[in-house]
Structures are given as C-alpha cells and as structure tokens.
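This report refers to the structure that appears directly beneath it.
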Amino acid sequence: MTTTQLISVIDSEGRVAKEEHSLSKEELLHCYRTMIMVRAFDDVCLKLQRSGRIGFSIPNKGVEATQVGAASALAKTDWIFPSYRDFGMALYHGVTPLEMMHNMFGNGADTSQGRQMPVHFSFLDPIRFVSISSPIGTHIPQAVGAAQAMKLRGEKHVALASFGDGGTSSLGFHSGLNFAGVWKSPVVFLCQNNQWAISCPSSEQTGSDGFAVKGEAYGIPGVQVDGNDLLAVRKTVLAAVERARRGEGSTLIEAVTYRMGGHSTSDDPTRYVPKEELERWAKKDPIARFEKYLQRSGYWTPELGQRVMQEALEAVSAAARAAEQTPPPKLESVFTDVYRDLPAHLRKQGQEAFELASRKGDASAGDGKFPL
Amino acid sequence: MATLTLLQAVNDGLKTAMRKDPSVVVFGEDVGPKGGVFLATEGLTKEFGKERCFDTPLSEDGIVGTAIGMALNGLKPVVEIQFQDFIYPAFDQIVSEAAKFRYRSGGQYSVPMVIRTPYGGGIRGGLYHSQSGEAYFCHTPGLKVVIPSTPHDAKGLLLAAIADPDPVLFLEPKALYRSVKGEVPEHEYAVELSKLRTVREGTAVTVFAYGAMIPVCQKAAEQAAVEKGIECTIVDLRTLLPLDEEGVLEFAKRTGRVVVVHEAPRFCGFGGEISALIAEHAMEYMEAPIVRVAGFDTPFPNTLEHHYMPDARRVLDAIERVASF
Ligand SMILES: Cc1ncc(C[n+]2csc(CCOP(=O)(O)OP(=O)(O)O)c2C)c(N)n1
Ligand SMILES: [Mg+2]
C-alpha cells in the first residue's frame with residue numbers, strides 16, 4: 001500500500017500529461033498569488049529582521065508549492081496543525097498579511113498577545129490554524145485526537161498535521177501514526193521533506209528509504225509526491241483527504257521539496273549546505289514551474305507575474321508598517337490566559353509588576369491601573 | 001591565561017576533556033559540522049572526527065537514552081540538548097533512568113554522563129527558547145544540577161562534571177554566552193561541584209543566586225552600595241544539587257538578611273528550597289523575612305520579557321526591603 005514512485009503532474013517545462021484537476025482559472029491564480037504572497041512575506045520579513053525591526057523569521061523559499069497545494073485540498077471546516085514553516089496554508093485560506101505581521105512584531109493586536117516568538121501563529125478563522133508550538137512533533141498526536149473527535153461526532157471533516165523530515169524522529173510522530181493506524185482517524189500526515197533539519201541532512205534522520213515507507217508498519221498508506229509541483233501536492237493531499245472523509249483512515253504523505261534559505265534568520269546555511277545542491281534545487285523552483293504551467297494554459301505572462309509580485313510586496317510592506325505602529329501588548333497580558341480565571345496569586349504578582357513598571361515609567365501604552 | 005567568553009570557555013572545556021580522555025564523545029542536534037546553534041561545539045568534529053562529535057536524529061529521548069547506554073558501557077557521553085526547553089522528550093530517560101540506575105542496581109551499573117543545555121531568557125525567545133526548568137530536575141535524587149555564571153567556572157565546572165561518576169545536568173545561561181568575558185586558564189582544572197562561590201562580600205544582606213541572575217544581582221548590589229549605603233554579599237550557588245547546604249547556612253547567618261533570586265517561576269522554584277533550609281536551620285539568626293525575587297508564575301512571554309525577568313530594579317527593591325526591616 002506504500003507507493004514509492006514519486007507522484008508528479010507538472011514537468012520541468014510546465015507541461016501536464018493530462019488535465020488532472022478541476023481547478024478553474026481563478027482558483028489556479030489564487031494558488032499562484034498565495035505562493036507569491038508567501039515569497040513576498042519572506043522577503044519583507046528578512047529585511048525587517050536584518051534591519052532590527054523584528055527579532056526573527058523563518059524563510060519558506062522553495063516549499064511554497066507544498067504548503068499551498070496542501071491547503072488547497074482542505075475545506076474551511078477542516079483543521080490544520082501546522083509547523084512554523086507553513087504559513088502559506090493560512091494565507092491560502094484568507095488570513096491576511098496584517099494579521100500575520102501583528103505576530104511578527106509581537107504587538108497588542110497579535111492573537112497571542114506577543115507571547116510567542118515570531119512565526120508562531122495561531123488562528124481560529126477562517127480556518128482552524130492551530131497555535132504553533134516550538135517543540136518539534138508535539139502537534140502530531142494532537143491532530144490525531146482532533147480528527148478522532150470529528151469521527152466520534154460523525155462529522156466528515158479532517159485534520160492535517162504538517163511537519164518536517166526532522167519531525168519524523170520525534171516521539172510525537174511515532175505515537176501519532178500508531179494511534180491513527182489503530183483508530184483509523186481522519187487525519188492526513190504531511191511530512192515536508194525539505195532535505196534539512198537545521199544543519200542535519202535528511203539522510204541522517206532515518207535509515208529507511210525516504211519517509212513515506214514509515215506509514216507501512218503503522219498500517220497507514222504512505223505516498224511520495226513531488227513537493228515542488230503544486231498540482232501533484234494538491235492531487236495527493238486531496239486523495240488522502242477524501243479517503244479520510246470516507247472513513248478509511250489516514251495517509252502519510254512525504255512531499256519531497258527543498259529549503260532554499262537558511263533554517264531561520266539566526267542560521268547561516270553557507271556553513272553546511274553544499275553550493276551545488278542549492279543550485280540544483282534552485283532550477284526546480286516551485287513558483288517558476290507553476291508559472292510555466294500557467295503560461296502554457298494562457299493564464300500567465302511575465303508582466304502579470306511582475307504585477308502580482310509588486311502588489312504582494314506592497315501589501316506586505318503596508319501590513320508591516322501598520323503592525324509596527326500598533327502598540328505593544330499591555331502588561332496585564334503577561335498574566336491573563338494562564339488560566340481562564342485569574343487566580344489570586346497571579347492577580348497579586350500582576351499588581352506588583354504594574355507598580356514596578358509605573359515607577360520605572362515603562363508601563364506600556366494603554367496600561368491604566370492594573371485592571372485585573 | 002586567555003580571555004574567553006562563557007561560550008568559548010565551554011568549547012575550551014569540551015576540547016580539553018576530549019584531548020585528555022578518548023572515551024569522551026559529544027553528540028546532539030547540529031553539534032557536528034555546524035558546531036551547534038550557539039557554536040559551543042565549534043571545531044570538535046574537525047579536531048576529533050565524526051566518531052567523537054556527531055549529529056543525531058531529532059530526538060532528545062534518543063540522545064539521552066543512547067547516551068545512557070554508552071555511559072553504562074564505558075564511554076563518557078557529553079550530550080547537548082539544543083535548548084533546555086526541548087529536554088522534555090528526554091525527561092523520562094533522565095528522571096526514571098539516568099538518575100536511578102546506580103540505586104536500583106545496588107551500584108552495579110552507573111551512568112557517568114553530562115547533559116549540557118542552554119537555559120534562560122533575555123534573548124527574545126518567547127515561551128520555548130527562554131525557560132529555566134532547573135526545579136524539575138532538582139527534584140530528582142541521583143542527578144546533579146550545575147549552573148556556571150563565569151567563563152572560569154564554565155570550564156572548571158564542566159570538567160568536574162565530566163569527571164564526575166554520576167549524571168550531571170549542566171545548564172548554561174545563554175544570556176551570558178557572549179556577554180561575559182573572563183580569564184580562563186589554558187590548562188586542565190576542575191572547579192569542585194557542590195561548593196558555592198562568593199561573588200562579592202558585604203555585611204548587610206546576603207543575596208543567593210546563580211546563572212544569568214549573577215550579573216543582575218551584581219548591578220543591584222552596586223546600586224545598593226552607592227545609592228543606599230547597603231553592602232551585600234552575593235553568593236553564586238553554582239551547583240544546585242547536591243547543594244552546598246553548609247555554605248548557604250553560613251552566609252545566611254552572617255548577615256541575617258536574605259534575598260534569593262532566580263528567573264524561573266517563583267512557585268516551587270529553587271528559592272523555596274533555600275528559604276526553607278534557612279528557616280529550618282538558621283531561623284534564630286534571621287533579622288528579616290527571606291524575600292524571593294523570581295519570574296512570575298506564568299509562561300515566559302516574548303515582547304514583554306523585560307517585565308518578566310527579574311532585573312536589577314526588582315532585586316534592589318528586595319535588598320532594600322530586607323535591609324530596612
Ligand atoms: C523537540 C525539539 N528539539 C529541537 C528543536 C530545535 N529545532 C528547531 S527546528 C529544528 C529542525 C527541524 O527540522 P524539520 O523537522 O525537518 O523541519 P524544517 O525546519 O526543515 O521545516 C530543530 C532541531 C525543537 N524545536 N524541538
Ligand atoms: Mg526539514
């Protein structure tokens with residue numbers, strides 16, 4: 001039941017053997033615009049980080065087709081359990097660059113109140129894009145549980161858990177797949193094999209031939225898909241989603257792709273990534289490939305491409321300016337949401353913090369008397 | 001003597017141990033060719049080869065579990081957990097296994113190994129790159145817990161930890177990695193475990209702290225001296241488990257006024273242990289209630305971390321409070 005043949009749809013010249021999808025021109029262009037938006041967001045964040053205006057960001061260059069192709073196979077009623085390199089999925093479903101920028105700046109309008117590091121997003125609408133955790137792999141069994149809840153209630157929704165090649169070494173990967181195999185939960189496991197886990201190549205992550213085969217022993221079909229081919233990712237994830245909706249259980253998908261940037265803005269990949277490898281993969285850029293396909297379909301011209309990128313950069317830059325102007329979280333946000341109801345000891349500690357901050361003159365804007 | 005940062009001193013300590021003892025092996029995530037995300041293991045693979053310094057799959061449970069096996073069988077693993085926040089998948093191996101092997105086998109089996117990991121806030125790391133989890137581990141008989149605050153101690157304590165016959169959790173204050181510099185002997189030396197260090201002496205108040213809180217306390221003590229004429233002793237605990245209890249009591253008795261500082265949350269934090277120890281054994285010497293300055297009992301925030309972390313101002317407040325009681 002495991003397929004080790006790499007699934008692709010679009011070849012390197014942008015040709016497709018036969019039209020294998022039902023996407024309209026508008027839908028194809030939405031996928032395209034989302035990929036461009038991811039790249040623009042990356043670009044702007046890199047500049048913001050380099051100029052010290054934000055502390056950190058995670059580049060997505062090279063993996064846009066995996067994120068967006070997978071997101072396009074989900075309905076708004078499905079749940080996404082993402083990793084930190086997945087925000088294209090949120091953008092696809094309508095989260096705005098401004099909502100994301102609030103998190104990058106950790107300001108008071110951020111959904112997590114600036115509590116988390118940048119790129120650790122959390123969104124409820126327009127799709128469940130579940131709060132991202134830094135510890136690798138913890139979300140994988142959680143996705144199984146959320147999916148199992150859907151199944152127990154007789155809903156036809158699915159959960160998608162996305163993680164990296166490194167994530168397959170975590171405890172969560174193994175317990176998650178094991179439970180999903182036993183329960184036949186409606187969950188799709190998306191392993192983004194982008195070849196690197198910070199400086200560790202994926203060949204040092206496993207002794208098996210790729211990651212798709214890992215499903216087999218858990219009783220879960222595994223498939224390998226060309227992660228730089230948006231239509232192939234969409235097709236593969238859609239098949240897994242439909243299978244889950246039919247009650248047939250989960251699928252492990254290995255999207256074979258490439259992290260073209262560093263792990264994060266704190267990382268210098270030139271210390272360990274072979275130059276030839278990067279050059280080889282740069283030729284397989286997922287966006288360029290999709291553009292060739294769109295061009296053949298008569299939907300794309302270089303001028304359109306430039307315009308889309310220009311608009312995306314302007315939108316993201318405007319979002320960054322607005323987020324930067326937005327005041328920081330209020331001091332009380334340190335103490336709220338620890339529990340639903342504020343316990344007495346935290347009320348007291350909050351009061352002390354506020355008094356001290358007032359004396360130092362740095363109770364942040366918007367703080368009145370400690371209100372809790 | 002060379003002037004090194006705390007990070008360079010750790011690196012120097014590792015190299016010193018590896019040159020001396022061929023059974024020392026270093027492994028973890030990204031510690032090989034990259035030299036670790038903070039570069040603590042820089043150059044080790046180059047000098048000692050990838051049999052002695054190597055990368056592992058992304059599994060803390062695997063790292064600590066295999067290290068235990070190696071330690072049982074004659075090697076001396078010095079493993080790195082990339083951030084202390086990511087140690088929890090290995091909690092079972094540390095707490096149930098490494099710490100209990102000697103006891104449960106009547107001394108037949110032991111686990112001489114070191115787990116190095118950067119801990120603490122101050123780098124805008126949010127919930128999961130900032131935590132100070134020492135209290136979880138100090139509640140674990142069989143384990144030793146060590147935290148340096150100077151380059152000299154970083155090398156000397158690390159070498160003592162590597163030479164120790166039992167498992168040691170070596171917590172490195174990442175906020176100090178590059179911000180403190182100091183003289184470090186080039187030769188091999190050990191700083192004895194379970195012996196505190198006095199950073200500064202004064203007769204009015206004793207401040208107990210460790211790790212990244214030491215420079216914060218130093219700043220507060222300078223201010224207390226200059227602005228208020230209050231002279232403090234600062235004690236760097238250095239080893240939290242087994243604690244230098246006699247040293248703690250001696251310095252508590254000298255002033256009769258005690259402040260305990262750590263960045264971990266206050267509730268069930270290490271400060272509670274120090275306070276209880278003094279309350280049990282030196283109550284009659286106390287001139288003022290013992291005051292703890294600690295992180296709030298909340299997760300570690302990101303944007304507002306400067307409010308969360310104890311700073312010199314909060315320590316100074318506490319010093320004044322106990323001095324004027
Ligand atoms: C449990 C745990 N250990 C270590 C880390 C530090 N860390 C952050 S990302 C990363 C590599 C992850 O690689 P992969 O799963 O392939 O995802 P990618 O970054 O390539 O998208 C590591 C080791 C962590 N976040 N969590
Ligand atoms: Mg990866």
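Residue names in the structure tokens use chain letters A, B, ... in the order shown, residue numbers from 1 in each chain, and ligand numbers from 1 in the order shown.
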
Which residues, written as a CSV table (one decimal) with N, CA and C atoms, in the first residue's frame, have at least one atom at most 12 Å from B:Thr150, with only C-alpha atoms counted and residues fewer than 5 positions away on the same chain left out?
chain,number,residue,atom,x,y,z
B,3,THR,N,41.6,35.3,27.6
B,3,THR,CA,40.3,35.9,28.0
B,3,THR,C,39.2,35.4,27.0
B,4,LEU,N,38.3,34.7,27.6
B,4,LEU,CA,37.3,34.0,26.8
B,4,LEU,C,35.9,34.4,27.2
B,5,THR,N,34.9,34.3,26.3
B,5,THR,CA,33.5,34.4,26.7
B,5,THR,C,33.1,33.1,27.3
B,6,LEU,N,31.9,33.1,28.0
B,6,LEU,CA,31.4,31.9,28.6
B,6,LEU,C,31.3,30.8,27.6
B,7,LEU,N,30.8,31.2,26.4
B,7,LEU,CA,30.6,30.2,25.3
B,7,LEU,C,32.0,29.6,24.9
B,8,GLN,N,33.0,30.4,24.7
B,8,GLN,CA,34.3,29.9,24.4
B,8,GLN,C,34.9,29.0,25.5
B,9,ALA,N,34.6,29.3,26.7
B,9,ALA,CA,35.1,28.6,27.8
B,9,ALA,C,34.4,27.2,27.8
B,10,VAL,N,33.2,27.1,27.5
B,10,VAL,CA,32.5,25.8,27.4
B,10,VAL,C,33.2,25.0,26.3
B,155,LYS,N,34.3,26.5,32.4
B,155,LYS,CA,35.3,25.4,32.0
B,155,LYS,C,35.5,24.5,33.2
B,156,GLY,N,35.8,25.1,34.4
B,156,GLY,CA,36.2,24.2,35.5
B,156,GLY,C,35.0,23.3,36.0
B,157,LEU,N,33.8,23.9,36.0
B,157,LEU,CA,32.7,23.0,36.4
B,157,LEU,C,32.4,22.0,35.4
B,158,LEU,N,32.5,22.3,34.1
B,158,LEU,CA,32.2,21.4,33.1
B,158,LEU,C,33.2,20.2,33.2
B,172,GLU,N,23.5,25.9,30.9
B,172,GLU,CA,24.4,27.1,30.5
B,172,GLU,C,23.5,28.3,30.3
B,173,PRO,N,23.8,29.4,31.0
B,173,PRO,CA,23.0,30.6,30.9
B,173,PRO,C,23.2,31.3,29.6
B,174,LYS,N,22.3,31.1,28.6
B,174,LYS,CA,22.6,31.5,27.3
B,174,LYS,C,22.7,33.0,27.2
B,175,ALA,N,22.0,33.7,28.1
B,175,ALA,CA,22.1,35.2,28.1
B,175,ALA,C,23.5,35.7,28.3
B,176,LEU,N,24.3,34.8,29.0
B,176,LEU,CA,25.7,35.2,29.3
B,176,LEU,C,26.7,34.6,28.3
B,177,TYR,N,26.2,33.8,27.4
B,177,TYR,CA,27.2,33.1,26.4
B,177,TYR,C,28.2,34.1,25.9
B,178,ARG,N,27.8,35.2,25.4
B,178,ARG,CA,28.7,36.2,24.8
B,178,ARG,C,28.9,37.5,25.5
B,179,SER,N,28.0,37.6,26.6
B,179,SER,CA,28.1,38.9,27.3
B,179,SER,C,29.0,39.0,28.4
B,180,VAL,N,29.5,37.8,28.9
B,180,VAL,CA,30.5,37.9,29.9
B,180,VAL,C,31.8,37.3,29.4
B,181,LYS,N,32.9,38.0,29.8
B,181,LYS,CA,34.2,37.6,29.4
B,181,LYS,C,35.1,37.4,30.7
B,182,GLY,N,36.1,36.6,30.6
B,182,GLY,CA,36.9,36.5,31.8
B,182,GLY,C,38.1,35.6,31.5
B,183,GLU,N,39.0,35.6,32.5
B,183,GLU,CA,40.3,34.9,32.3
B,183,GLU,C,40.0,33.4,32.5
B,184,VAL,N,40.5,32.6,31.7
B,184,VAL,CA,40.4,31.2,31.8
B,184,VAL,C,41.7,30.5,31.5
B,191,VAL,N,36.7,22.9,38.9
B,191,VAL,CA,36.0,23.7,40.0
B,191,VAL,C,35.1,22.7,40.7
B,197,ARG,N,30.2,29.9,45.6
B,197,ARG,CA,31.3,30.9,45.4
B,197,ARG,C,30.8,32.2,45.9
B,199,VAL,N,30.7,36.1,45.3
B,199,VAL,CA,30.9,37.0,44.2
B,199,VAL,C,31.4,38.3,44.7
B,210,TYR,N,22.2,32.4,41.0
B,210,TYR,CA,23.0,31.5,40.1
B,210,TYR,C,22.8,31.9,38.6
B,211,GLY,N,23.7,31.4,37.8
B,211,GLY,CA,23.5,31.6,36.4
B,211,GLY,C,23.4,33.1,35.9
B,212,ALA,N,22.4,33.3,35.0
B,212,ALA,CA,22.3,34.6,34.4
B,212,ALA,C,21.9,35.7,35.4
B,213,MET,N,21.4,35.3,36.6
B,213,MET,CA,21.0,36.3,37.6
B,213,MET,C,22.2,36.9,38.3
B,214,ILE,N,23.4,36.3,38.2
B,214,ILE,CA,24.5,36.8,38.9
B,214,ILE,C,24.8,38.3,38.5
B,215,PRO,N,25.0,38.5,37.2
B,215,PRO,CA,25.3,39.9,36.8
B,215,PRO,C,24.2,40.9,37.2
B,236,ASP,N,27.1,32.9,44.6
B,236,ASP,CA,26.7,32.1,43.4
B,236,ASP,C,26.7,30.6,43.8
B,238,ARG,N,26.1,27.9,42.1
B,238,ARG,CA,26.9,27.1,41.1
B,238,ARG,C,26.4,25.7,41.0

Using only C-alpha atoms, find the residues of chain B whose closest atom to chain A is at most 8 Å away, then write them as number ranges by chain.
B: 29-30, 33-34, 37, 55-59, 61, 85-86, 89, 124-128, 296-304, 307-308, 314

Would you please extract all alpha helix (DSSP H) residues from stretch 169-343 of chain A, as assigned by DSSP on the backbone, and give them as a ChimeraX atom specification?
/A:171-183,230-245,275-282,286-296,302-325

Could you go through stretch 122-268 of chain B and tell me which residues DSSP, when run on the backbone, assigns to strand (DSSP E or B), listing them as a VMD selection string?
chain B and resid 144 to 146 168 to 173 181 to 184 197 to 200 205 to 209 232 to 236 239 to 241 258 to 265

Neighbour list for A:Glu254 as an NGL selection string, cut-off 10 Å, only C-alpha atoms, skip fewer than 5 positions in-chain:
:A and (4 or 6 or 163-165 or 189-194 or 210-214 or 222-227 or 233 or 236)

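With distances taken over only C-alpha atoms and all ligand atoms, A:Ile140 is the one residue among A:Leu74, A:Ala17, A:Ala315, A:Ile140 lying closest to ligand 1.
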
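By only C-alpha atoms, and with residues fewer than 6 positions from B:Phe251 along its chain excluded, the set lying at most 9 Å from it is Thr206, Thr233 and Val235 of chain B.
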
For the residues in the current selection, export N, CA, C and O atoms as a PDB file, in the first residue's frame.
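Written file, part.pdb:
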ATOM      1  N   THR B 206      22.568  39.157  52.398  1.00  0.00           N
ATOM      2  CA  THR B 206      23.122  38.090  51.553  1.00  0.00           C
ATOM      3  C   THR B 206      22.154  37.794  50.413  1.00  0.00           C
ATOM      4  O   THR B 206      20.972  37.529  50.662  1.00  0.00           O
ATOM      5  N   THR B 233      26.465  40.777  50.322  1.00  0.00           N
ATOM      6  CA  THR B 233      27.223  39.613  49.872  1.00  0.00           C
ATOM      7  C   THR B 233      26.411  38.976  48.755  1.00  0.00           C
ATOM      8  O   THR B 233      25.193  38.862  48.873  1.00  0.00           O
ATOM      9  N   VAL B 235      26.143  35.436  46.714  1.00  0.00           N
ATOM     10  CA  VAL B 235      26.599  34.050  46.678  1.00  0.00           C
ATOM     11  C   VAL B 235      26.112  33.395  45.385  1.00  0.00           C
ATOM     12  O   VAL B 235      24.917  33.406  45.093  1.00  0.00           O
TER      13      VAL B 235
END
